[in-house]
$ cat my_file_27.cif   # mmCIF, C-alpha atoms
data_target
#
loop_
_atom_site.group_PDB
_atom_site.id
_atom_site.type_symbol
_atom_site.label_atom_id
_atom_site.label_comp_id
_atom_site.auth_asym_id
_atom_site.auth_seq_id
_atom_site.Cartn_x
_atom_site.Cartn_y
_atom_site.Cartn_z
ATOM 1 C CA MET A 1063 0.000 0.000 0.000
ATOM 2 C CA ALA A 1064 2.823 2.388 0.850
ATOM 3 C CA ASN A 1065 4.265 1.970 -2.656
ATOM 4 C CA GLN A 1066 0.883 2.806 -4.224
ATOM 5 C CA MET A 1067 0.752 6.186 -2.533
ATOM 6 C CA LYS A 1068 2.297 8.694 -4.942
ATOM 7 C CA THR A 1069 0.358 11.936 -4.586
ATOM 8 C CA ILE A 1070 -1.520 13.381 -1.646
ATOM 9 C CA ALA A 1071 -3.501 16.580 -1.290
ATOM 10 C CA VAL A 1072 -4.388 18.839 1.608
ATOM 11 C CA LEU A 1073 -7.363 21.128 2.165
ATOM 12 C CA THR A 1074 -8.768 23.287 4.944
ATOM 13 C CA SER A 1075 -12.493 23.361 5.519
ATOM 14 C CA GLY A 1076 -15.033 25.118 7.712
ATOM 15 C CA GLY A 1077 -14.012 27.929 10.036
ATOM 16 C CA ASP A 1078 -10.371 28.961 9.856
ATOM 17 C CA ALA A 1079 -8.178 28.443 12.912
ATOM 18 C CA PRO A 1080 -4.708 29.760 13.819
ATOM 19 C CA GLY A 1081 -2.222 26.972 13.229
ATOM 20 C CA MET A 1082 -3.808 25.643 10.059
ATOM 21 C CA ASN A 1083 -0.844 26.971 8.072
ATOM 22 C CA ALA A 1084 1.562 25.137 10.358
ATOM 23 C CA ALA A 1085 -0.361 21.922 9.666
ATOM 24 C CA ILE A 1086 -0.325 22.548 5.895
ATOM 25 C CA ARG A 1087 3.424 23.187 6.034
ATOM 26 C CA ALA A 1088 4.001 19.968 7.960
ATOM 27 C CA VAL A 1089 1.908 17.912 5.549
ATOM 28 C CA VAL A 1090 3.736 19.296 2.529
ATOM 29 C CA ARG A 1091 7.278 19.009 3.835
ATOM 30 C CA THR A 1092 6.789 15.594 5.468
ATOM 31 C CA ALA A 1093 5.244 14.166 2.320
ATOM 32 C CA ILE A 1094 7.953 15.536 0.043
ATOM 33 C CA ALA A 1095 10.680 14.287 2.391
ATOM 34 C CA LYS A 1096 9.146 10.807 2.088
ATOM 35 C CA GLY A 1097 8.997 10.842 -1.701
ATOM 36 C CA LEU A 1098 5.422 11.943 -2.346
ATOM 37 C CA ASN A 1099 3.990 14.645 -4.555
ATOM 38 C CA VAL A 1100 1.680 17.156 -2.882
ATOM 39 C CA LYS A 1101 -1.246 19.199 -4.140
ATOM 40 C CA GLY A 1102 -3.211 21.890 -2.378
ATOM 41 C CA ILE A 1103 -6.968 22.202 -2.768
ATOM 42 C CA GLU A 1104 -8.098 25.799 -2.395
ATOM 43 C CA ARG A 1105 -11.347 26.852 -0.664
ATOM 44 C CA GLY A 1106 -12.111 23.472 0.884
ATOM 45 C CA TYR A 1107 -14.670 21.114 -0.631
ATOM 46 C CA ALA A 1108 -16.065 23.932 -2.766
ATOM 47 C CA GLY A 1109 -12.628 24.318 -4.340
ATOM 48 C CA LEU A 1110 -12.396 20.560 -4.861
ATOM 49 C CA LEU A 1111 -15.639 20.561 -6.831
ATOM 50 C CA ASN A 1112 -14.368 23.503 -8.893
ATOM 51 C CA GLU A 1113 -10.989 21.776 -9.382
ATOM 52 C CA GLU A 1114 -9.078 24.602 -7.746
ATOM 53 C CA ILE A 1115 -6.080 22.328 -7.276
ATOM 54 C CA ILE A 1116 -2.467 23.503 -7.265
ATOM 55 C CA ASP A 1117 0.930 21.860 -6.955
ATOM 56 C CA LEU A 1118 2.817 22.482 -3.720
ATOM 57 C CA ASP A 1119 6.511 22.175 -2.933
ATOM 58 C CA THR A 1120 8.681 23.036 0.039
ATOM 59 C CA ARG A 1121 8.983 26.672 -1.107
ATOM 60 C CA SER A 1122 5.205 26.986 -1.394
ATOM 61 C CA VAL A 1123 4.954 26.730 2.374
ATOM 62 C CA SER A 1124 7.915 28.924 3.310
ATOM 63 C CA ASP A 1125 7.232 31.705 5.833
ATOM 64 C CA ILE A 1126 3.669 30.641 6.606
ATOM 65 C CA ILE A 1127 4.019 28.983 10.008
ATOM 66 C CA GLN A 1128 3.629 32.317 11.789
ATOM 67 C CA ARG A 1129 0.592 33.438 9.785
ATOM 68 C CA GLY A 1130 -2.998 33.133 10.946
ATOM 69 C CA GLY A 1131 -5.796 31.923 8.702
ATOM 70 C CA THR A 1132 -5.062 29.432 5.935
ATOM 71 C CA ILE A 1133 -3.106 30.001 2.733
ATOM 72 C CA LEU A 1134 -5.399 27.536 0.968
ATOM 73 C CA GLY A 1135 -8.538 29.435 1.912
ATOM 74 C CA THR A 1136 -11.692 27.842 3.228
ATOM 75 C CA ALA A 1137 -15.398 27.844 2.500
ATOM 76 C CA ARG A 1138 -18.624 26.235 3.614
ATOM 77 C CA CYS A 1139 -19.961 23.744 1.078
ATOM 78 C CA LEU A 1140 -23.418 22.470 1.987
ATOM 79 C CA GLU A 1141 -23.840 20.685 -1.336
ATOM 80 C CA PHE A 1142 -21.028 18.314 -0.368
ATOM 81 C CA LYS A 1143 -23.527 16.598 1.950
ATOM 82 C CA GLN A 1144 -25.190 15.098 -1.138
ATOM 83 C CA PRO A 1145 -24.021 11.552 -2.061
ATOM 84 C CA ASP A 1146 -23.784 12.287 -5.796
ATOM 85 C CA VAL A 1147 -21.666 15.381 -5.099
ATOM 86 C CA GLN A 1148 -19.420 13.372 -2.782
ATOM 87 C CA LYS A 1149 -18.873 10.819 -5.556
ATOM 88 C CA MET A 1150 -18.060 13.686 -7.925
ATOM 89 C CA GLY A 1151 -15.455 14.928 -5.435
ATOM 90 C CA ALA A 1152 -13.816 11.489 -5.311
ATOM 91 C CA ASP A 1153 -13.799 11.307 -9.110
ATOM 92 C CA ILE A 1154 -12.078 14.712 -9.276
ATOM 93 C CA CYS A 1155 -9.411 13.451 -6.857
ATOM 94 C CA ARG A 1156 -8.763 10.463 -9.101
ATOM 95 C CA LYS A 1157 -8.707 12.713 -12.177
ATOM 96 C CA HIS A 1158 -5.864 14.705 -10.600
ATOM 97 C CA GLY A 1159 -3.992 11.605 -9.475
ATOM 98 C CA ILE A 1160 -4.690 12.200 -5.780
ATOM 99 C CA ASP A 1161 -4.277 8.961 -3.832
ATOM 100 C CA GLY A 1162 -4.754 10.382 -0.347
ATOM 101 C CA LEU A 1163 -6.206 13.494 1.236
ATOM 102 C CA VAL A 1164 -5.548 15.369 4.478
ATOM 103 C CA VAL A 1165 -8.559 17.383 5.661
ATOM 104 C CA ILE A 1166 -7.995 20.054 8.309
ATOM 105 C CA GLY A 1167 -11.186 21.230 10.004
ATOM 106 C CA GLY A 1168 -13.958 20.343 12.423
ATOM 107 C CA ASP A 1169 -16.622 17.665 12.597
ATOM 108 C CA GLY A 1170 -18.369 18.848 9.435
ATOM 109 C CA SER A 1171 -15.079 18.582 7.572
ATOM 110 C CA TYR A 1172 -14.641 15.058 8.944
ATOM 111 C CA ARG A 1173 -17.965 14.034 7.438
ATOM 112 C CA GLY A 1174 -16.697 15.165 4.053
ATOM 113 C CA ALA A 1175 -13.503 13.143 4.542
ATOM 114 C CA GLN A 1176 -15.602 10.169 5.609
ATOM 115 C CA ALA A 1177 -17.642 10.423 2.415
ATOM 116 C CA LEU A 1178 -14.539 10.593 0.217
ATOM 117 C CA ALA A 1179 -13.099 7.547 1.982
ATOM 118 C CA ARG A 1180 -16.304 5.632 1.276
ATOM 119 C CA ASN A 1181 -15.819 6.559 -2.373
ATOM 120 C CA GLY A 1182 -12.296 5.141 -2.506
ATOM 121 C CA ILE A 1183 -10.068 8.111 -1.561
ATOM 122 C CA ASN A 1184 -7.858 7.540 1.467
ATOM 123 C CA ALA A 1185 -8.609 10.417 3.836
ATOM 124 C CA ILE A 1186 -7.221 11.561 7.174
ATOM 125 C CA GLY A 1187 -8.769 14.308 9.310
ATOM 126 C CA LEU A 1188 -6.922 16.818 11.498
ATOM 127 C CA PRO A 1189 -8.796 18.711 14.251
ATOM 128 C CA GLY A 1190 -8.613 22.353 13.163
ATOM 129 C CA THR A 1191 -11.144 24.370 15.164
ATOM 130 C CA ILE A 1192 -10.935 27.056 17.837
ATOM 131 C CA ASP A 1193 -13.959 25.557 19.604
ATOM 132 C CA LEU A 1194 -12.201 22.536 21.203
ATOM 133 C CA ASP A 1195 -15.436 20.629 20.587
ATOM 134 C CA ILE A 1196 -14.122 17.425 18.997
ATOM 135 C CA ALA A 1197 -14.621 14.656 21.518
ATOM 136 C CA CYS A 1198 -11.850 12.284 20.445
ATOM 137 C CA THR A 1199 -9.076 14.776 21.132
ATOM 138 C CA GLU A 1200 -8.108 16.809 24.168
ATOM 139 C CA TYR A 1201 -6.679 19.512 21.922
ATOM 140 C CA THR A 1202 -7.688 21.136 18.648
ATOM 141 C CA ILE A 1203 -5.542 23.342 16.419
ATOM 142 C CA GLY A 1204 -6.359 27.002 16.993
ATOM 143 C CA PHE A 1205 -7.848 26.794 20.483
ATOM 144 C CA ASP A 1206 -4.783 28.064 22.320
ATOM 145 C CA THR A 1207 -4.443 31.154 20.135
ATOM 146 C CA ALA A 1208 -8.173 31.912 20.257
ATOM 147 C CA VAL A 1209 -8.456 31.579 24.008
ATOM 148 C CA ASN A 1210 -5.376 33.762 24.571
ATOM 149 C CA THR A 1211 -6.759 36.412 22.197
ATOM 150 C CA ALA A 1212 -10.051 36.387 24.078
ATOM 151 C CA MET A 1213 -8.340 36.476 27.470
ATOM 152 C CA GLU A 1214 -6.295 39.554 26.550
ATOM 153 C CA ALA A 1215 -9.381 41.319 25.192
ATOM 154 C CA ILE A 1216 -11.379 40.592 28.335
ATOM 155 C CA ASP A 1217 -8.544 41.967 30.484
ATOM 156 C CA LYS A 1218 -8.861 45.236 28.574
ATOM 157 C CA VAL A 1219 -12.643 45.346 28.936
ATOM 158 C CA ARG A 1220 -12.228 44.676 32.641
ATOM 159 C CA ASP A 1221 -10.011 47.766 33.006
ATOM 160 C CA THR A 1222 -12.601 50.106 31.549
ATOM 161 C CA SER A 1223 -15.417 48.300 33.335
ATOM 162 C CA THR A 1224 -13.696 48.989 36.651
ATOM 163 C CA SER A 1225 -13.082 52.638 35.767
ATOM 164 C CA HIS A 1226 -16.772 53.193 35.043
ATOM 165 C CA GLU A 1227 -18.040 50.799 37.728
ATOM 166 C CA ARG A 1228 -19.943 48.845 35.107
ATOM 167 C CA CYS A 1229 -21.230 45.372 34.601
ATOM 168 C CA SER A 1230 -19.737 43.935 31.402
ATOM 169 C CA ILE A 1231 -20.991 40.979 29.416
ATOM 170 C CA ILE A 1232 -18.314 39.665 27.074
ATOM 171 C CA GLU A 1233 -19.455 37.144 24.475
ATOM 172 C CA VAL A 1234 -16.841 34.705 23.182
ATOM 173 C CA MET A 1235 -16.970 32.241 20.303
ATOM 174 C CA GLY A 1236 -17.285 28.457 20.458
ATOM 175 C CA ARG A 1237 -20.534 27.630 18.634
ATOM 176 C CA ASN A 1238 -22.434 25.330 20.992
ATOM 177 C CA ALA A 1239 -19.389 24.497 23.107
ATOM 178 C CA GLY A 1240 -18.371 26.457 26.181
ATOM 179 C CA TYR A 1241 -14.630 25.752 26.369
ATOM 180 C CA ILE A 1242 -13.440 29.232 25.356
ATOM 181 C CA ALA A 1243 -15.920 30.753 27.805
ATOM 182 C CA LEU A 1244 -14.866 28.412 30.623
ATOM 183 C CA TRP A 1245 -11.150 28.967 30.152
ATOM 184 C CA CYS A 1246 -11.558 32.741 29.863
ATOM 185 C CA GLY A 1247 -13.965 32.864 32.760
ATOM 186 C CA ILE A 1248 -11.429 31.210 35.046
ATOM 187 C CA THR A 1249 -8.341 33.008 33.754
ATOM 188 C CA ASN A 1250 -10.014 36.425 33.648
ATOM 189 C CA GLY A 1251 -11.558 36.072 37.083
ATOM 190 C CA ALA A 1252 -15.125 36.485 35.834
ATOM 191 C CA GLU A 1253 -17.989 36.689 38.315
ATOM 192 C CA GLU A 1254 -20.260 34.673 36.007
ATOM 193 C CA ILE A 1255 -19.517 32.129 33.271
ATOM 194 C CA LEU A 1256 -22.468 31.185 31.080
ATOM 195 C CA LEU A 1257 -21.990 27.878 29.261
ATOM 196 C CA PRO A 1258 -24.393 26.186 26.824
ATOM 197 C CA GLU A 1259 -23.677 22.851 28.502
ATOM 198 C CA ASN A 1260 -25.218 23.823 31.851
ATOM 199 C CA TYR A 1261 -26.827 27.282 31.728
ATOM 200 C CA ASP A 1262 -30.093 27.232 33.689
ATOM 201 C CA HIS A 1263 -31.378 30.573 32.255
ATOM 202 C CA ASN A 1264 -31.886 31.875 35.806
ATOM 203 C CA GLU A 1265 -31.158 35.502 34.989
ATOM 204 C CA GLN A 1266 -32.764 36.653 38.222
ATOM 205 C CA ALA A 1267 -30.049 34.862 40.213
ATOM 206 C CA ILE A 1268 -27.399 36.745 38.223
ATOM 207 C CA ILE A 1269 -29.152 40.049 38.881
ATOM 208 C CA GLU A 1270 -29.339 39.349 42.615
ATOM 209 C CA ASN A 1271 -25.659 38.410 42.686
ATOM 210 C CA ILE A 1272 -24.708 41.646 40.898
ATOM 211 C CA ILE A 1273 -26.653 43.698 43.437
ATOM 212 C CA GLN A 1274 -25.109 41.797 46.351
ATOM 213 C CA LYS A 1275 -21.560 42.247 45.009
ATOM 214 C CA ARG A 1276 -22.161 45.984 44.533
ATOM 215 C CA ARG A 1277 -23.318 46.277 48.144
ATOM 216 C CA MET A 1278 -20.083 44.556 49.170
ATOM 217 C CA GLY A 1279 -18.150 47.328 47.401
ATOM 218 C CA LYS A 1280 -17.255 45.537 44.154
ATOM 219 C CA LYS A 1281 -16.761 48.105 41.402
ATOM 220 C CA HIS A 1282 -17.196 45.839 38.388
ATOM 221 C CA TYR A 1283 -18.954 42.633 37.427
ATOM 222 C CA ILE A 1284 -17.678 40.512 34.541
ATOM 223 C CA ILE A 1285 -19.906 37.993 32.800
ATOM 224 C CA VAL A 1286 -18.283 35.761 30.182
ATOM 225 C CA ASN A 1287 -21.042 34.535 27.895
ATOM 226 C CA ALA A 1288 -20.631 31.699 25.396
ATOM 227 C CA GLU A 1289 -21.712 32.138 21.783
ATOM 228 C CA GLY A 1290 -24.071 29.166 22.139
ATOM 229 C CA ILE A 1291 -26.143 31.214 24.581
ATOM 230 C CA GLY A 1292 -25.766 34.584 22.860
ATOM 231 C CA ASP A 1293 -28.360 37.314 23.505
ATOM 232 C CA SER A 1294 -25.638 39.445 25.129
ATOM 233 C CA VAL A 1295 -26.946 42.856 24.028
ATOM 234 C CA ALA A 1296 -30.502 42.176 25.147
ATOM 235 C CA MET A 1297 -29.227 40.581 28.345
ATOM 236 C CA ALA A 1298 -27.216 43.723 29.131
ATOM 237 C CA LYS A 1299 -30.324 45.891 28.729
ATOM 238 C CA ARG A 1300 -32.345 43.656 31.036
ATOM 239 C CA ILE A 1301 -29.624 43.609 33.697
ATOM 240 C CA GLU A 1302 -29.209 47.389 33.604
ATOM 241 C CA GLU A 1303 -32.961 47.923 33.942
ATOM 242 C CA ALA A 1304 -33.148 45.497 36.877
ATOM 243 C CA THR A 1305 -30.060 46.678 38.776
ATOM 244 C CA GLY A 1306 -29.680 50.317 37.845
ATOM 245 C CA ILE A 1307 -26.018 49.562 37.136
ATOM 246 C CA GLU A 1308 -24.625 50.593 33.762
ATOM 247 C CA THR A 1309 -24.203 47.392 31.772
ATOM 248 C CA ARG A 1310 -22.458 46.943 28.436
ATOM 249 C CA ALA A 1311 -22.162 43.988 26.054
ATOM 250 C CA THR A 1312 -18.994 43.321 24.078
ATOM 251 C CA ILE A 1313 -19.077 40.634 21.393
ATOM 252 C CA LEU A 1314 -15.499 39.684 20.572
ATOM 253 C CA GLY A 1315 -16.451 37.888 17.357
ATOM 254 C CA HIS A 1316 -13.996 36.858 14.664
ATOM 255 C CA ILE A 1317 -11.013 38.582 16.241
ATOM 256 C CA GLN A 1318 -10.626 35.220 18.004
ATOM 257 C CA ARG A 1319 -10.036 33.401 14.726
ATOM 258 C CA GLY A 1320 -7.210 35.640 13.533
ATOM 259 C CA GLY A 1321 -3.687 36.476 14.525
ATOM 260 C CA SER A 1322 -0.359 34.728 14.630
ATOM 261 C CA PRO A 1323 -0.703 31.271 16.205
ATOM 262 C CA THR A 1324 0.844 30.596 19.578
ATOM 263 C CA CYS A 1325 3.822 28.316 20.077
ATOM 264 C CA ARG A 1326 1.535 25.507 21.185
ATOM 265 C CA ASP A 1327 -0.704 25.773 18.131
ATOM 266 C CA ARG A 1328 2.293 25.772 15.787
ATOM 267 C CA TYR A 1329 3.895 22.831 17.572
ATOM 268 C CA VAL A 1330 0.832 20.593 17.827
ATOM 269 C CA ALA A 1331 -0.297 21.423 14.279
ATOM 270 C CA SER A 1332 3.140 20.489 12.950
ATOM 271 C CA LEU A 1333 3.116 17.131 14.731
ATOM 272 C CA MET A 1334 -0.440 16.382 13.623
ATOM 273 C CA GLY A 1335 0.337 17.273 10.011
ATOM 274 C CA ALA A 1336 3.310 14.909 9.955
ATOM 275 C CA LYS A 1337 1.238 12.172 11.619
ATOM 276 C CA ALA A 1338 -1.450 12.449 8.937
ATOM 277 C CA VAL A 1339 1.130 11.833 6.199
ATOM 278 C CA ASP A 1340 2.523 8.836 8.071
ATOM 279 C CA LEU A 1341 -0.950 7.322 8.339
ATOM 280 C CA LEU A 1342 -1.538 7.731 4.597
ATOM 281 C CA ILE A 1343 1.827 6.133 3.796
ATOM 282 C CA GLU A 1344 0.856 3.213 6.039
ATOM 283 C CA GLY A 1345 -2.258 2.764 3.913
ATOM 284 C CA LYS A 1346 -4.647 4.047 6.568
ATOM 285 C CA SER A 1347 -7.866 5.797 5.643
ATOM 286 C CA LYS A 1348 -10.960 7.223 7.309
ATOM 287 C CA ARG A 1349 -8.924 8.162 10.382
ATOM 288 C CA VAL A 1350 -8.852 11.233 12.617
ATOM 289 C CA VAL A 1351 -5.664 12.400 14.316
ATOM 290 C CA GLY A 1352 -6.107 13.477 17.916
ATOM 291 C CA MET A 1353 -4.238 13.966 21.163
ATOM 292 C CA GLN A 1354 -4.796 12.021 24.367
ATOM 293 C CA HIS A 1355 -2.686 12.502 27.499
ATOM 294 C CA GLY A 1356 -0.238 14.565 25.458
ATOM 295 C CA GLU A 1357 0.343 11.814 22.873
ATOM 296 C CA LEU A 1358 -0.807 11.644 19.251
ATOM 297 C CA VAL A 1359 -3.487 9.042 18.586
ATOM 298 C CA ASP A 1360 -5.854 8.236 15.746
ATOM 299 C CA PHE A 1361 -9.454 7.087 15.615
ATOM 300 C CA ASP A 1362 -11.860 5.827 13.008
ATOM 301 C CA ILE A 1363 -13.845 8.822 11.770
ATOM 302 C CA GLU A 1364 -17.189 7.175 12.525
ATOM 303 C CA GLU A 1365 -16.032 6.359 16.054
ATOM 304 C CA ALA A 1366 -14.799 9.915 16.509
ATOM 305 C CA LEU A 1367 -18.041 11.483 15.291
ATOM 306 C CA ALA A 1368 -20.086 9.275 17.622
ATOM 307 C CA MET A 1369 -18.214 10.486 20.717
ATOM 308 C CA GLU A 1370 -19.715 13.203 22.916
ATOM 309 C CA LYS A 1371 -17.730 15.859 24.730
ATOM 310 C CA THR A 1372 -18.854 17.530 27.929
ATOM 311 C CA ILE A 1373 -17.477 20.195 30.236
ATOM 312 C CA PRO A 1374 -15.585 18.482 33.084
ATOM 313 C CA ALA A 1375 -17.693 18.800 36.227
ATOM 314 C CA TYR A 1376 -14.631 19.543 38.367
ATOM 315 C CA ASP A 1377 -13.507 22.406 36.097
ATOM 316 C CA TYR A 1378 -16.947 23.983 36.278
ATOM 317 C CA GLU A 1379 -17.132 23.575 40.046
ATOM 318 C CA VAL A 1380 -13.746 25.280 40.425
ATOM 319 C CA SER A 1381 -14.961 28.155 38.243
ATOM 320 C CA ARG A 1382 -17.957 28.614 40.550
ATOM 321 C CA LEU A 1383 -15.821 28.551 43.704
ATOM 322 C CA LEU A 1384 -13.303 31.065 42.360
ATOM 323 C CA SER A 1385 -15.967 33.550 41.261
ATOM 324 C CA LYS A 1386 -17.318 34.118 44.775
#

$ encode --input "my_file_27.cif" --output "structure tokens"
Amino acid sequence: MANQMKTIAVLTSGGDAPGMNAAIRAVVRTAIAKGLNVKGIERGYAGLLNEEIIDLDTRSVSDIIQRGGTILGTARCLEFKQPDVQKMGADICRKHGIDGLVVIGGDGSYRGAQALARNGINAIGLPGTIDLDIACTEYTIGFDTAVNTAMEAIDKVRDTSTSHERCSIIEVMGRNAGYIALWCGITNGAEEILLPENYDHNEQAIIENIIQKRRMGKKHYIIVNAEGIGDSVAMAKRIEEATGIETRATILGHIQRGGSPTCRDRYVASLMGAKAVDLLIEGKSKRVVGMQHGELVDFDIEEALAMEKTIPAYDYEVSRLLSK
């Protein structure tokens, strides 16, 4: 099987994440060092269907490890959920001599890789998402940079919130997962952390806590709100009306996706990219690279997609204790 593998391709799909370029670089340089040809597919599965396929060499990925985003571009491609379109994608891979494919993205990207594998294209998935919401891995490419970006922004909001004696609601990304909110809530010393996984929608309890903390002499009140809950602007209006305390909402948004990746994101992405190439050379397909207990592992894509990830109860309990 190893001798049959001559050309591999790499694409990035779904939301971009800092560190994707480090993973692309690792895929390209590892593959070339092991005697393979490498192609890049631009704009994810949409680019595959449009045959936006380019040749890559070691110089193509020079000076990209420090850059945020993805040099290959990315796009959502809902039509790739259709079986006939998936077969078309596999046929295009064969047309361009692509024997194996590395897909960098989240769970939606994995489903595309799974479909290509079912249609005869060896495919390996890498966890590229700031949300940390892939259950089979304790780490996803981009999370460290995103959470540090959010943490620094919340520190700045906290300064002005203290100066004006405000309540501040800061909304962070994460889709329906609360990991960015949890990490920022603990590291920024937030008084409230609202997570989709366990939010009870008891806004009155938050209001009462704000009033109590103000009576105790606290000059600010920081609420870190996860994207999966949202409603930050309306929530701020309701809290201000109920407490009489000036309340502002700040939605950090896509600033969390950008910027130069941290050391950890570059390092882990590089190792994962190399691991994906090794799996393809070994003849593996329909696998997902992950990290468990600090070590690289791989899972069957179907097994990985069936796993569920939850917020650790101990982490949440600690966040509650520290916010008092």

$ residues_around --input "my_file_27.cif" --residues "region 1268-1281 of chain A" --least-positions-apart "2" --cutoff "6 Å" --atoms "all atoms listed in the file" --output "PyMOL selection string"
chain A and resi 1224+1227+1265-1266

$ residues_around --input "my_file_27.cif" --residues "Phe1142 (chain A)" --least-positions-apart "2" --cutoff "9 Å" --atoms "all atoms listed in the file" --output "tab-separated table (two decimals) with C-alpha atoms, in the frame of the given file"
chain	number	residue	atom	x	y	z
A	1107	TYR	CA	-14.67	21.11	-0.63
A	1108	ALA	CA	-16.07	23.93	-2.77
A	1111	LEU	CA	-15.64	20.56	-6.83
A	1139	CYS	CA	-19.96	23.74	1.08
A	1140	LEU	CA	-23.42	22.47	1.99
A	1144	GLN	CA	-25.19	15.10	-1.14
A	1145	PRO	CA	-24.02	11.55	-2.06
A	1146	ASP	CA	-23.78	12.29	-5.80
A	1147	VAL	CA	-21.67	15.38	-5.10
A	1148	GLN	CA	-19.42	13.37	-2.78
A	1151	GLY	CA	-15.46	14.93	-5.44
A	1174	GLY	CA	-16.70	15.16	4.05

$ residues_around --input "my_file_27.cif" --residues "region 1088-1093 of chain A" --least-positions-apart "6" --cutoff "9 Å" --atoms "all atoms listed in the file" --output "list in words"
Thr1069, Ile1070, Ala1071, Val1072, Asn1099, Val1100, Lys1101, Gly1102, Leu1118, Asp1119, Thr1120, Ser1122, Val1123, Val1164, Ala1331, Ser1332, Leu1333, Met1334, Gly1335, Ala1336, Lys1337, Ala1338, Val1339, Asp1340 and Ile1343 of chain A

$ resolve_selection --input "my_file_27.cif" --expression "the PyMOL selection byres ((chain A and resi 1288) around 7)" --output "number ranges by chain"
A: 1233-1236, 1240, 1243, 1256-1258, 1286-1287, 1289-1292

$ atom_distance --input "my_file_27.cif" --atom1 "CA of Cys1229 (chain A)" --atom2 "CA of Leu1384 (chain A)"
18.1 Å

$ resolve_selection --input "my_file_27.cif" --expression "the PyMOL selection byres ((chain A and resi 1356) around 10)" --output "PyMOL selection string"
chain A and resi 1199-1201+1330+1352-1355+1357-1359

$ residues_around --input "my_file_27.cif" --residues "Ile1186 (chain A)" --least-positions-apart "5" --cutoff "10 Å" --atoms "all atoms listed in the file" --output "list of chain:residue names"
A:Val1072, A:Gly1162, A:Leu1163, A:Val1164, A:Val1165, A:Ile1166, A:Tyr1172, A:Ala1175, A:Gln1176, A:Ala1179, A:Gly1335, A:Lys1337, A:Ala1338, A:Val1339, A:Leu1341, A:Leu1342, A:Lys1346, A:Ser1347, A:Lys1348, A:Arg1349, A:Val1350, A:Val1351, A:Asp1360, A:Phe1361, A:Asp1362, A:Ile1363

$ resolve_selection --input "my_file_27.cif" --expression "the PyMOL selection byres ((chain A and resi 1157) around 12)" --output "list in words"
Thr1069, Leu1110, Leu1111, Glu1113, Ile1115, Met1150, Gly1151, Ala1152, Asp1153, Ile1154, Cys1155, Arg1156, His1158, Gly1159, Ile1160, Asp1161 and Ile1183 of chain A

$ closest_residue --input "my_file_27.cif" --among "A:Arg1105, A:Thr1136, A:Asp1169, A:Gly1097" --to "Ala1368 (chain A)" --atoms "all atoms listed in the file"
A:Asp1169

$ residues_near_point --input "my_file_27.cif" --point "(-8.6, 32.5, 3.1)" --cutoff "10 Å" --atoms "all atoms listed in the file" --output "CSV table (one decimal) with C-alpha atoms, in the coordinates of the input"
chain,number,residue,atom,x,y,z
A,1074,THR,CA,-8.8,23.3,4.9
A,1077,GLY,CA,-14.0,27.9,10.0
A,1078,ASP,CA,-10.4,29.0,9.9
A,1104,GLU,CA,-8.1,25.8,-2.4
A,1105,ARG,CA,-11.3,26.9,-0.7
A,1106,GLY,CA,-12.1,23.5,0.9
A,1130,GLY,CA,-3.0,33.1,10.9
A,1131,GLY,CA,-5.8,31.9,8.7
A,1132,THR,CA,-5.1,29.4,5.9
A,1133,ILE,CA,-3.1,30.0,2.7
A,1134,LEU,CA,-5.4,27.5,1.0
A,1135,GLY,CA,-8.5,29.4,1.9
A,1136,THR,CA,-11.7,27.8,3.2
A,1137,ALA,CA,-15.4,27.8,2.5
